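Next up, query_26.cif (mmCIF, N, CA and C atoms and all ligand atoms):
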```cif
data_protein
loop_
_atom_site.label_atom_id
_atom_site.label_comp_id
_atom_site.auth_asym_id
_atom_site.auth_seq_id
_atom_site.Cartn_x
_atom_site.Cartn_y
_atom_site.Cartn_z
N MET A 18 -9.34 0.42 15.70
CA MET A 18 -8.22 0.11 14.81
C MET A 18 -7.20 1.23 14.86
N VAL A 19 -6.01 0.90 15.27
CA VAL A 19 -4.96 1.91 15.33
C VAL A 19 -4.01 1.68 14.16
N GLU A 20 -3.86 2.69 13.34
CA GLU A 20 -2.96 2.58 12.19
C GLU A 20 -1.85 3.60 12.38
N GLU A 21 -0.62 3.12 12.22
CA GLU A 21 0.52 3.98 12.45
C GLU A 21 1.03 4.66 11.18
N ARG A 22 0.37 4.40 10.07
CA ARG A 22 0.90 4.95 8.81
C ARG A 22 0.73 6.45 8.73
N PRO A 23 1.69 7.13 8.10
CA PRO A 23 1.57 8.59 7.95
C PRO A 23 0.38 8.93 7.04
N PHE A 24 -0.16 10.11 7.25
CA PHE A 24 -1.32 10.55 6.46
C PHE A 24 -0.85 11.14 5.14
N SER A 25 -0.41 10.25 4.24
CA SER A 25 0.18 10.70 2.98
C SER A 25 -0.48 10.00 1.80
N ASP A 26 -0.18 10.49 0.60
CA ASP A 26 -0.68 9.84 -0.61
C ASP A 26 -0.14 8.43 -0.73
N PHE A 27 1.10 8.24 -0.23
CA PHE A 27 1.71 6.92 -0.30
C PHE A 27 0.89 5.92 0.52
N SER A 28 0.51 6.32 1.73
CA SER A 28 -0.30 5.44 2.58
C SER A 28 -1.66 5.18 1.93
N TYR A 29 -2.23 6.24 1.37
CA TYR A 29 -3.53 6.13 0.69
C TYR A 29 -3.44 5.06 -0.39
N GLN A 30 -2.36 5.12 -1.17
CA GLN A 30 -2.13 4.16 -2.24
C GLN A 30 -1.94 2.74 -1.67
N GLN A 31 -1.18 2.65 -0.58
CA GLN A 31 -0.96 1.34 0.06
C GLN A 31 -2.28 0.72 0.50
N PHE A 32 -3.12 1.54 1.10
CA PHE A 32 -4.43 1.04 1.53
C PHE A 32 -5.26 0.60 0.33
N LEU A 33 -5.18 1.34 -0.78
CA LEU A 33 -5.93 0.95 -1.97
C LEU A 33 -5.52 -0.44 -2.42
N SER A 34 -4.20 -0.71 -2.35
CA SER A 34 -3.73 -2.03 -2.79
C SER A 34 -4.26 -3.12 -1.85
N GLU A 35 -4.67 -2.74 -0.64
CA GLU A 35 -5.27 -3.69 0.31
C GLU A 35 -6.80 -3.63 0.24
N GLU A 36 -7.30 -2.95 -0.79
CA GLU A 36 -8.74 -2.80 -1.01
C GLU A 36 -9.43 -2.06 0.12
N LYS A 37 -8.77 -1.01 0.57
CA LYS A 37 -9.37 -0.15 1.57
C LYS A 37 -9.30 1.29 1.08
N LEU A 38 -10.43 1.97 1.12
CA LEU A 38 -10.48 3.37 0.76
C LEU A 38 -10.47 4.14 2.08
N MET A 39 -9.31 4.77 2.36
CA MET A 39 -9.13 5.40 3.66
C MET A 39 -9.01 6.91 3.56
N GLY A 40 -9.49 7.57 4.59
CA GLY A 40 -9.34 9.01 4.69
C GLY A 40 -8.82 9.36 6.07
N SER A 41 -8.52 10.62 6.27
CA SER A 41 -8.10 11.04 7.61
C SER A 41 -9.17 11.96 8.18
N LYS A 42 -9.39 11.79 9.48
CA LYS A 42 -10.41 12.58 10.16
C LYS A 42 -9.76 13.39 11.27
N CYS A 43 -10.10 14.67 11.28
CA CYS A 43 -9.56 15.57 12.30
C CYS A 43 -10.25 15.26 13.62
N GLN A 44 -9.45 14.97 14.65
CA GLN A 44 -10.05 14.62 15.94
C GLN A 44 -10.57 15.85 16.67
N LYS A 45 -10.13 17.03 16.20
CA LYS A 45 -10.55 18.26 16.87
C LYS A 45 -11.91 18.75 16.35
N CYS A 46 -12.03 18.84 14.99
CA CYS A 46 -13.28 19.39 14.44
C CYS A 46 -14.09 18.38 13.64
N GLY A 47 -13.55 17.18 13.45
CA GLY A 47 -14.32 16.15 12.76
C GLY A 47 -14.28 16.20 11.24
N ALA A 48 -13.52 17.13 10.67
CA ALA A 48 -13.44 17.23 9.21
C ALA A 48 -12.78 15.96 8.66
N LEU A 49 -13.26 15.56 7.49
CA LEU A 49 -12.79 14.32 6.88
C LEU A 49 -12.10 14.62 5.56
N PHE A 50 -10.99 13.93 5.30
CA PHE A 50 -10.24 14.16 4.07
C PHE A 50 -9.86 12.85 3.39
N ALA A 51 -10.12 12.77 2.10
CA ALA A 51 -9.69 11.61 1.31
C ALA A 51 -9.35 12.14 -0.08
N PRO A 52 -8.12 11.95 -0.55
CA PRO A 52 -6.97 11.35 0.15
C PRO A 52 -6.68 12.07 1.47
N PRO A 53 -6.01 11.37 2.37
CA PRO A 53 -5.77 11.92 3.70
C PRO A 53 -4.86 13.14 3.72
N ARG A 54 -5.08 13.99 4.69
CA ARG A 54 -4.20 15.14 4.92
C ARG A 54 -3.65 15.01 6.34
N PRO A 55 -2.38 15.40 6.51
CA PRO A 55 -1.81 15.33 7.86
C PRO A 55 -2.26 16.50 8.74
N ILE A 56 -2.67 17.60 8.10
CA ILE A 56 -3.09 18.79 8.85
C ILE A 56 -4.48 19.19 8.37
N CYS A 57 -5.36 19.48 9.29
CA CYS A 57 -6.73 19.86 8.95
C CYS A 57 -6.74 21.24 8.29
N ILE A 58 -7.40 21.35 7.12
CA ILE A 58 -7.44 22.66 6.46
C ILE A 58 -8.51 23.56 7.07
N LYS A 59 -9.35 22.99 7.92
CA LYS A 59 -10.40 23.81 8.54
C LYS A 59 -9.95 24.44 9.85
N CYS A 60 -9.32 23.63 10.72
CA CYS A 60 -8.94 24.17 12.03
C CYS A 60 -7.43 24.11 12.26
N HIS A 61 -6.69 23.62 11.27
CA HIS A 61 -5.23 23.49 11.36
C HIS A 61 -4.79 22.50 12.43
N GLY A 62 -5.72 21.66 12.86
CA GLY A 62 -5.38 20.63 13.84
C GLY A 62 -4.48 19.57 13.22
N THR A 63 -3.66 18.94 14.03
CA THR A 63 -2.74 17.91 13.52
C THR A 63 -3.04 16.55 14.13
N GLU A 64 -4.11 16.46 14.91
CA GLU A 64 -4.49 15.17 15.50
C GLU A 64 -5.45 14.49 14.54
N MET A 65 -4.91 13.63 13.67
CA MET A 65 -5.75 12.96 12.69
C MET A 65 -5.86 11.49 13.02
N GLU A 66 -6.93 10.89 12.55
CA GLU A 66 -7.07 9.43 12.69
C GLU A 66 -7.55 8.86 11.36
N TRP A 67 -7.17 7.60 11.10
CA TRP A 67 -7.60 6.93 9.87
C TRP A 67 -9.05 6.51 9.98
N VAL A 68 -9.78 6.72 8.89
CA VAL A 68 -11.17 6.28 8.84
C VAL A 68 -11.36 5.56 7.51
N GLU A 69 -11.98 4.39 7.57
CA GLU A 69 -12.25 3.67 6.32
C GLU A 69 -13.60 4.09 5.77
N MET A 70 -13.61 4.43 4.48
CA MET A 70 -14.84 4.84 3.81
C MET A 70 -15.62 3.60 3.40
N LYS A 71 -16.93 3.74 3.37
CA LYS A 71 -17.78 2.60 3.02
C LYS A 71 -17.65 2.23 1.54
N GLY A 72 -17.20 3.18 0.73
CA GLY A 72 -17.02 2.87 -0.68
C GLY A 72 -18.28 3.02 -1.51
N ARG A 73 -19.21 3.81 -0.98
CA ARG A 73 -20.42 4.08 -1.76
C ARG A 73 -20.57 5.58 -1.92
N GLY A 74 -21.10 5.96 -3.09
CA GLY A 74 -21.29 7.38 -3.31
C GLY A 74 -22.07 7.59 -4.57
N LYS A 75 -21.98 8.81 -5.08
CA LYS A 75 -22.66 9.08 -6.34
C LYS A 75 -21.77 9.95 -7.22
N LEU A 76 -22.04 9.84 -8.50
CA LEU A 76 -21.23 10.56 -9.47
C LEU A 76 -21.51 12.06 -9.37
N ALA A 77 -20.45 12.84 -9.14
CA ALA A 77 -20.61 14.29 -9.01
C ALA A 77 -20.20 15.00 -10.30
N ALA A 78 -19.24 14.45 -11.00
CA ALA A 78 -18.76 15.05 -12.25
C ALA A 78 -17.95 14.00 -12.99
N PHE A 79 -17.84 14.14 -14.30
CA PHE A 79 -17.02 13.18 -15.05
C PHE A 79 -16.53 13.78 -16.36
N THR A 80 -15.50 13.18 -16.91
CA THR A 80 -14.96 13.54 -18.21
C THR A 80 -14.65 12.25 -18.94
N CYS A 81 -14.92 12.22 -20.22
CA CYS A 81 -14.54 11.07 -21.04
C CYS A 81 -13.23 11.43 -21.70
N ILE A 82 -12.23 10.60 -21.49
CA ILE A 82 -10.89 10.93 -21.98
C ILE A 82 -10.50 10.02 -23.13
N ALA A 83 -10.34 10.63 -24.30
CA ALA A 83 -10.02 9.85 -25.50
C ALA A 83 -8.51 9.69 -25.67
N ILE A 84 -7.76 10.68 -25.22
CA ILE A 84 -6.31 10.59 -25.37
C ILE A 84 -5.71 10.64 -23.98
N GLY A 85 -5.40 9.47 -23.46
CA GLY A 85 -4.90 9.38 -22.09
C GLY A 85 -3.41 9.23 -22.03
N PRO A 86 -2.87 9.11 -20.81
CA PRO A 86 -1.44 8.87 -20.64
C PRO A 86 -1.08 7.48 -21.17
N PRO A 87 0.21 7.22 -21.45
CA PRO A 87 0.63 5.94 -22.03
C PRO A 87 0.10 4.71 -21.31
N PHE A 88 0.06 4.72 -19.97
CA PHE A 88 -0.40 3.50 -19.29
C PHE A 88 -1.87 3.23 -19.54
N MET A 89 -2.64 4.26 -19.90
CA MET A 89 -4.05 4.03 -20.23
C MET A 89 -4.17 3.52 -21.66
N ILE A 90 -3.32 4.02 -22.53
CA ILE A 90 -3.32 3.56 -23.92
C ILE A 90 -2.95 2.07 -23.95
N GLU A 91 -1.99 1.69 -23.07
CA GLU A 91 -1.60 0.27 -22.97
C GLU A 91 -2.76 -0.61 -22.51
N GLN A 92 -3.67 -0.02 -21.77
CA GLN A 92 -4.83 -0.79 -21.31
C GLN A 92 -5.93 -0.87 -22.37
N GLY A 93 -5.65 -0.30 -23.54
CA GLY A 93 -6.61 -0.42 -24.64
C GLY A 93 -7.57 0.74 -24.81
N TYR A 94 -7.26 1.85 -24.12
CA TYR A 94 -8.15 3.01 -24.27
C TYR A 94 -7.59 3.95 -25.33
N ASP A 95 -8.46 4.38 -26.23
CA ASP A 95 -8.05 5.32 -27.26
C ASP A 95 -9.26 6.14 -27.69
N ARG A 96 -9.13 6.81 -28.84
CA ARG A 96 -10.24 7.66 -29.30
C ARG A 96 -11.55 6.91 -29.45
N LYS A 97 -11.44 5.65 -29.89
CA LYS A 97 -12.67 4.87 -30.08
C LYS A 97 -13.17 4.28 -28.77
N HIS A 98 -12.27 4.17 -27.80
CA HIS A 98 -12.64 3.58 -26.51
C HIS A 98 -12.20 4.52 -25.39
N PRO A 99 -12.87 5.63 -25.27
CA PRO A 99 -12.46 6.57 -24.21
C PRO A 99 -12.75 5.98 -22.83
N TYR A 100 -11.96 6.39 -21.86
CA TYR A 100 -12.27 5.96 -20.51
C TYR A 100 -12.87 7.14 -19.76
N VAL A 101 -13.46 6.83 -18.64
CA VAL A 101 -14.17 7.87 -17.90
C VAL A 101 -13.47 8.14 -16.58
N SER A 102 -13.17 9.41 -16.38
CA SER A 102 -12.54 9.85 -15.15
C SER A 102 -13.59 10.69 -14.43
N GLY A 103 -13.78 10.46 -13.16
CA GLY A 103 -14.86 11.18 -12.49
C GLY A 103 -14.52 11.65 -11.09
N VAL A 104 -15.46 12.40 -10.55
CA VAL A 104 -15.39 12.82 -9.16
C VAL A 104 -16.58 12.16 -8.49
N VAL A 105 -16.30 11.44 -7.41
CA VAL A 105 -17.35 10.72 -6.72
C VAL A 105 -17.57 11.34 -5.35
N GLU A 106 -18.81 11.69 -5.08
CA GLU A 106 -19.12 12.20 -3.75
C GLU A 106 -19.51 11.02 -2.88
N LEU A 107 -18.67 10.74 -1.90
CA LEU A 107 -18.90 9.59 -1.03
C LEU A 107 -20.03 9.87 -0.05
N GLU A 108 -20.61 8.79 0.48
CA GLU A 108 -21.68 8.94 1.48
C GLU A 108 -21.19 9.74 2.68
N GLU A 109 -19.88 9.66 2.93
CA GLU A 109 -19.29 10.39 4.06
C GLU A 109 -19.17 11.89 3.77
N GLY A 110 -19.51 12.30 2.53
CA GLY A 110 -19.48 13.73 2.20
C GLY A 110 -18.17 14.22 1.60
N VAL A 111 -17.25 13.29 1.33
CA VAL A 111 -15.95 13.66 0.77
C VAL A 111 -15.97 13.34 -0.72
N ARG A 112 -15.27 14.16 -1.49
CA ARG A 112 -15.20 13.90 -2.93
C ARG A 112 -13.84 13.34 -3.30
N VAL A 113 -13.83 12.24 -4.04
CA VAL A 113 -12.58 11.63 -4.48
C VAL A 113 -12.56 11.52 -6.00
N ASP A 114 -11.35 11.59 -6.56
CA ASP A 114 -11.17 11.38 -8.00
C ASP A 114 -11.04 9.89 -8.21
N ALA A 115 -11.69 9.38 -9.25
CA ALA A 115 -11.61 7.95 -9.50
C ALA A 115 -11.93 7.66 -10.96
N ARG A 116 -11.53 6.47 -11.39
CA ARG A 116 -11.97 6.00 -12.71
C ARG A 116 -13.39 5.51 -12.54
N ILE A 117 -14.19 5.69 -13.57
CA ILE A 117 -15.56 5.18 -13.54
C ILE A 117 -15.60 4.05 -14.55
N GLU A 118 -15.86 2.84 -14.03
CA GLU A 118 -15.86 1.65 -14.85
C GLU A 118 -17.29 1.23 -15.19
N GLU A 119 -17.38 0.36 -16.20
CA GLU A 119 -18.67 -0.22 -16.59
C GLU A 119 -19.68 0.83 -17.05
N VAL A 120 -19.15 1.92 -17.59
CA VAL A 120 -20.00 2.90 -18.27
C VAL A 120 -19.34 3.09 -19.63
N ASP A 121 -20.10 3.54 -20.60
CA ASP A 121 -19.57 3.67 -21.95
C ASP A 121 -19.04 5.09 -22.19
N GLY A 122 -17.70 5.20 -22.19
CA GLY A 122 -17.06 6.50 -22.38
C GLY A 122 -17.32 7.11 -23.75
N SER A 123 -17.77 6.29 -24.70
CA SER A 123 -18.05 6.84 -26.02
C SER A 123 -19.48 7.40 -26.10
N LYS A 124 -20.24 7.22 -25.02
CA LYS A 124 -21.61 7.77 -24.99
C LYS A 124 -21.81 8.60 -23.72
N PRO A 125 -21.13 9.72 -23.65
CA PRO A 125 -21.22 10.54 -22.42
C PRO A 125 -22.65 10.96 -22.10
N GLU A 126 -23.50 11.08 -23.14
CA GLU A 126 -24.88 11.51 -22.89
C GLU A 126 -25.66 10.46 -22.08
N ALA A 127 -25.16 9.22 -22.09
CA ALA A 127 -25.86 8.15 -21.35
C ALA A 127 -25.39 8.06 -19.90
N ILE A 128 -24.36 8.81 -19.56
CA ILE A 128 -23.83 8.77 -18.19
C ILE A 128 -24.50 9.89 -17.39
N LYS A 129 -25.13 9.52 -16.30
CA LYS A 129 -25.90 10.49 -15.52
C LYS A 129 -25.22 10.90 -14.22
N ILE A 130 -25.20 12.21 -14.01
CA ILE A 130 -24.74 12.73 -12.72
C ILE A 130 -25.68 12.20 -11.65
N SER A 131 -25.13 11.93 -10.48
CA SER A 131 -25.89 11.39 -9.32
C SER A 131 -26.12 9.88 -9.40
N THR A 132 -25.58 9.21 -10.43
CA THR A 132 -25.69 7.76 -10.50
C THR A 132 -25.06 7.16 -9.23
N PRO A 133 -25.77 6.27 -8.53
CA PRO A 133 -25.19 5.63 -7.35
C PRO A 133 -24.03 4.71 -7.77
N LEU A 134 -22.93 4.81 -7.04
CA LEU A 134 -21.73 4.06 -7.40
C LEU A 134 -21.20 3.29 -6.20
N VAL A 135 -20.45 2.24 -6.53
CA VAL A 135 -19.81 1.46 -5.48
C VAL A 135 -18.34 1.28 -5.88
N VAL A 136 -17.48 1.25 -4.88
CA VAL A 136 -16.04 1.20 -5.15
C VAL A 136 -15.63 -0.13 -5.79
N LYS A 137 -14.60 -0.04 -6.62
CA LYS A 137 -14.04 -1.22 -7.29
C LYS A 137 -12.54 -0.97 -7.34
N PHE A 138 -11.77 -1.87 -6.75
CA PHE A 138 -10.31 -1.67 -6.74
C PHE A 138 -9.72 -2.34 -7.96
N LEU A 139 -9.05 -1.56 -8.77
CA LEU A 139 -8.47 -2.08 -10.02
C LEU A 139 -7.00 -2.38 -9.80
N HIS A 140 -6.66 -3.65 -9.82
CA HIS A 140 -5.25 -4.03 -9.66
C HIS A 140 -4.68 -4.26 -11.05
N LEU A 141 -3.76 -3.41 -11.45
CA LEU A 141 -3.19 -3.51 -12.79
C LEU A 141 -1.69 -3.71 -12.73
N GLY A 142 -1.17 -4.36 -13.77
CA GLY A 142 0.27 -4.58 -13.84
C GLY A 142 0.69 -5.77 -13.00
N GLU A 143 1.96 -6.15 -13.17
CA GLU A 143 2.47 -7.34 -12.50
C GLU A 143 3.69 -6.97 -11.65
N GLY A 144 3.88 -7.71 -10.59
CA GLY A 144 5.08 -7.56 -9.75
C GLY A 144 5.32 -6.14 -9.31
N GLU A 145 6.55 -5.67 -9.57
CA GLU A 145 6.93 -4.33 -9.13
C GLU A 145 6.13 -3.24 -9.83
N ASN A 146 5.60 -3.56 -11.00
CA ASN A 146 4.82 -2.56 -11.72
C ASN A 146 3.34 -2.57 -11.36
N SER A 147 2.98 -3.45 -10.42
CA SER A 147 1.56 -3.52 -10.11
C SER A 147 1.15 -2.28 -9.31
N ARG A 148 -0.04 -1.86 -9.59
CA ARG A 148 -0.55 -0.69 -8.92
C ARG A 148 -2.06 -0.82 -8.81
N THR A 149 -2.61 -0.28 -7.77
CA THR A 149 -4.06 -0.34 -7.61
C THR A 149 -4.64 1.03 -7.88
N PHE A 150 -5.67 1.06 -8.69
CA PHE A 150 -6.34 2.32 -9.02
C PHE A 150 -7.71 2.33 -8.36
N LEU A 151 -8.06 3.51 -7.89
CA LEU A 151 -9.39 3.66 -7.31
C LEU A 151 -10.39 3.83 -8.44
N ALA A 152 -11.38 2.98 -8.46
CA ALA A 152 -12.43 3.09 -9.48
C ALA A 152 -13.77 2.86 -8.82
N PHE A 153 -14.80 3.27 -9.51
CA PHE A 153 -16.17 3.04 -9.04
C PHE A 153 -16.97 2.50 -10.21
N ARG A 154 -18.01 1.75 -9.91
CA ARG A 154 -18.90 1.26 -10.96
C ARG A 154 -20.34 1.51 -10.49
N PRO A 155 -21.28 1.54 -11.44
CA PRO A 155 -22.67 1.76 -11.04
C PRO A 155 -23.13 0.65 -10.10
N LEU A 156 -23.93 1.02 -9.12
CA LEU A 156 -24.41 0.08 -8.11
C LEU A 156 -25.40 -0.91 -8.73
ZN ZN B 201 -10.03 20.20 12.09
#
```
In structure tokens, how does this file's structure come out?
Amino acid sequence: MVEERPFSDFSYQQFLSEEKLMGSKCQKCGALFAPPRPICIKCHGTEMEWVEMKGRGKLAAFTCIAIGPPFMIEQGYDRKHPYVSGVVELEEGVRVDARIEEVDGSKPEAIKISTPLVVKFLHLGEGENSRTFLAFRPL
């Protein structure tokens, strides 16, 4: 698969809207980055290629957020209904920031580090305001 898109956050977002979690892989040293980077931070190589992640991983860290940005408040999240923001370590060994769905943000003690997760693409908003968010849910 040859993809001509630049290795940018914009492309990363575009792929998310197509339900693809993509990273960039350095062709020189094999380092993998998600979100993608145009230049390898390990060997400074600039020969990158797109790689699609399998979308499976485990919870590495999380925070329950009771007071979020306005677009989260509009989605019904507040002090009584906190949402969970986490870091997911993918099977490919890369860590991505994502929303963690289908867990109870008001009971952080019940959320376990290392929980196996699977990707879930959240399409929110309509028309020009639509946006896809990267989320994961327990497997
Ligand atoms: Zn490299």
Subject >> Shell of 5 Å around range 132-140 of chain A, only N, CA and C atoms, local chain residues under 5 positions omitted, as JSON, numbers by chain >> reply: {"A": [72, 73, 74, 75, 76, 148, 149, 150, 152, 153, 154, 155, 156]}
Original post:
Quick one: residues within 8 Å of ligand ZN 201 (chain B), with only C-alpha atoms and all ligand atoms, as number ranges by chain?
Top reply: A: 42-48, 56-63
Original post:
Contacts of Thr80 in chain A at 6 Å or less, counting all atoms listed in the file, minus same-chain residues fewer than 6 places along, as a list in words?
Top reply: Tyr100, Val101, Ser102 and Gly103 of chain A
Residues within 7 Å of range 65-71 of chain A, only C-alpha atoms, excluding chain neighbours under 5 positions, as a PDB file with N, CA and C atoms, keeping the file's coordinate frame:
```pdb
ATOM      1  N   GLU A  20      -3.860   2.690  13.340  1.00  0.00           N
ATOM      2  CA  GLU A  20      -2.960   2.580  12.190  1.00  0.00           C
ATOM      3  C   GLU A  20      -1.850   3.600  12.380  1.00  0.00           C
ATOM      4  N   LYS A  37      -8.770  -1.010   0.570  1.00  0.00           N
ATOM      5  CA  LYS A  37      -9.370  -0.150   1.570  1.00  0.00           C
ATOM      6  C   LYS A  37      -9.300   1.290   1.080  1.00  0.00           C
ATOM      7  N   LEU A  38     -10.430   1.970   1.120  1.00  0.00           N
ATOM      8  CA  LEU A  38     -10.480   3.370   0.760  1.00  0.00           C
ATOM      9  C   LEU A  38     -10.470   4.140   2.080  1.00  0.00           C
ATOM     10  N   MET A  39      -9.310   4.770   2.360  1.00  0.00           N
ATOM     11  CA  MET A  39      -9.130   5.400   3.660  1.00  0.00           C
ATOM     12  C   MET A  39      -9.010   6.910   3.560  1.00  0.00           C
ATOM     13  N   GLY A  40      -9.490   7.570   4.590  1.00  0.00           N
ATOM     14  CA  GLY A  40      -9.340   9.010   4.690  1.00  0.00           C
ATOM     15  C   GLY A  40      -8.820   9.360   6.070  1.00  0.00           C
ATOM     16  N   SER A  41      -8.520  10.620   6.270  1.00  0.00           N
ATOM     17  CA  SER A  41      -8.100  11.040   7.610  1.00  0.00           C
ATOM     18  C   SER A  41      -9.170  11.960   8.180  1.00  0.00           C
ATOM     19  N   LYS A  42      -9.390  11.790   9.480  1.00  0.00           N
ATOM     20  CA  LYS A  42     -10.410  12.580  10.160  1.00  0.00           C
ATOM     21  C   LYS A  42      -9.760  13.390  11.270  1.00  0.00           C
ATOM     22  N   CYS A  43     -10.100  14.670  11.280  1.00  0.00           N
ATOM     23  CA  CYS A  43      -9.560  15.570  12.300  1.00  0.00           C
ATOM     24  C   CYS A  43     -10.250  15.260  13.620  1.00  0.00           C
ATOM     25  N   GLN A  44      -9.450  14.970  14.650  1.00  0.00           N
ATOM     26  CA  GLN A  44     -10.050  14.620  15.940  1.00  0.00           C
ATOM     27  C   GLN A  44     -10.570  15.850  16.670  1.00  0.00           C
ATOM     28  N   PRO A  55      -2.380  15.400   6.510  1.00  0.00           N
ATOM     29  CA  PRO A  55      -1.810  15.330   7.860  1.00  0.00           C
ATOM     30  C   PRO A  55      -2.260  16.500   8.740  1.00  0.00           C
TER      31      PRO A  55
END
```
**OP:** Compare A:Pro53, A:Cys81, A:Arg96, A:Gln31 by their minimum atom-to-atom distance to Pro125 in chain A, counting all atoms listed in the file, and give me the closest one.
**Re:**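 Between A:Pro53, A:Cys81, A:Arg96, A:Gln31, the residue approaching Pro125 in chain A most closely is A:Cys81.
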Subject >> One-decimal distance in Å that lies between CA of Lys129 in chain A and atom N of Gln30 in chain A >> reply: 28.1 Å
**OP:** In Å, rounded to a single decimal, give me how far atom N of Ala78 in chain A is from CA of Pro99 in chain A.
**Re:** 16.8 Å
Original post:
Given the choices A:Ile130, A:Lys97, A:Lys124, A:Leu33, which gets closest to Phe79 in chain A if the distance is worked out from all atoms listed in the file?
Top reply: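 Nearest candidate to Phe79 in chain A out of A:Ile130, A:Lys97, A:Lys124, A:Leu33: A:Ile130.
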Original post:
How many Å lie between atom C of Val120 in chain A and CA of Glu108 in chain A, rounded to one decimal?
Top reply: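 These two atoms are separated by 22.0 Å.
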**OP:** Determine, counting only C-alpha atoms, which protein, DNA and RNA residues have an atom within 9 Å of an atom of Arg112 in chain A; residues of the same chain fewer than 5 positions away are not included. Present the result as a PyMOL selection string.
**Re:** chain A and resi 50-51+74+77+104-107
**OP:** Please give the complete set of residues from chain A that DSSP, run on the backbone, assigns to helix (DSSP H, G or I), formatted as an MDAnalysis selection string.
**Re:** chainID A and resid 26:34 87:91 125:127 144:146
Subject >> DSSP-assigned strand (DSSP E or B) members of range 49-156 of chain A, reported as a PyMOL selection string >> reply: chain A and resi 49-50+65-69+73-82+100-107+112-117+133-141+148-155
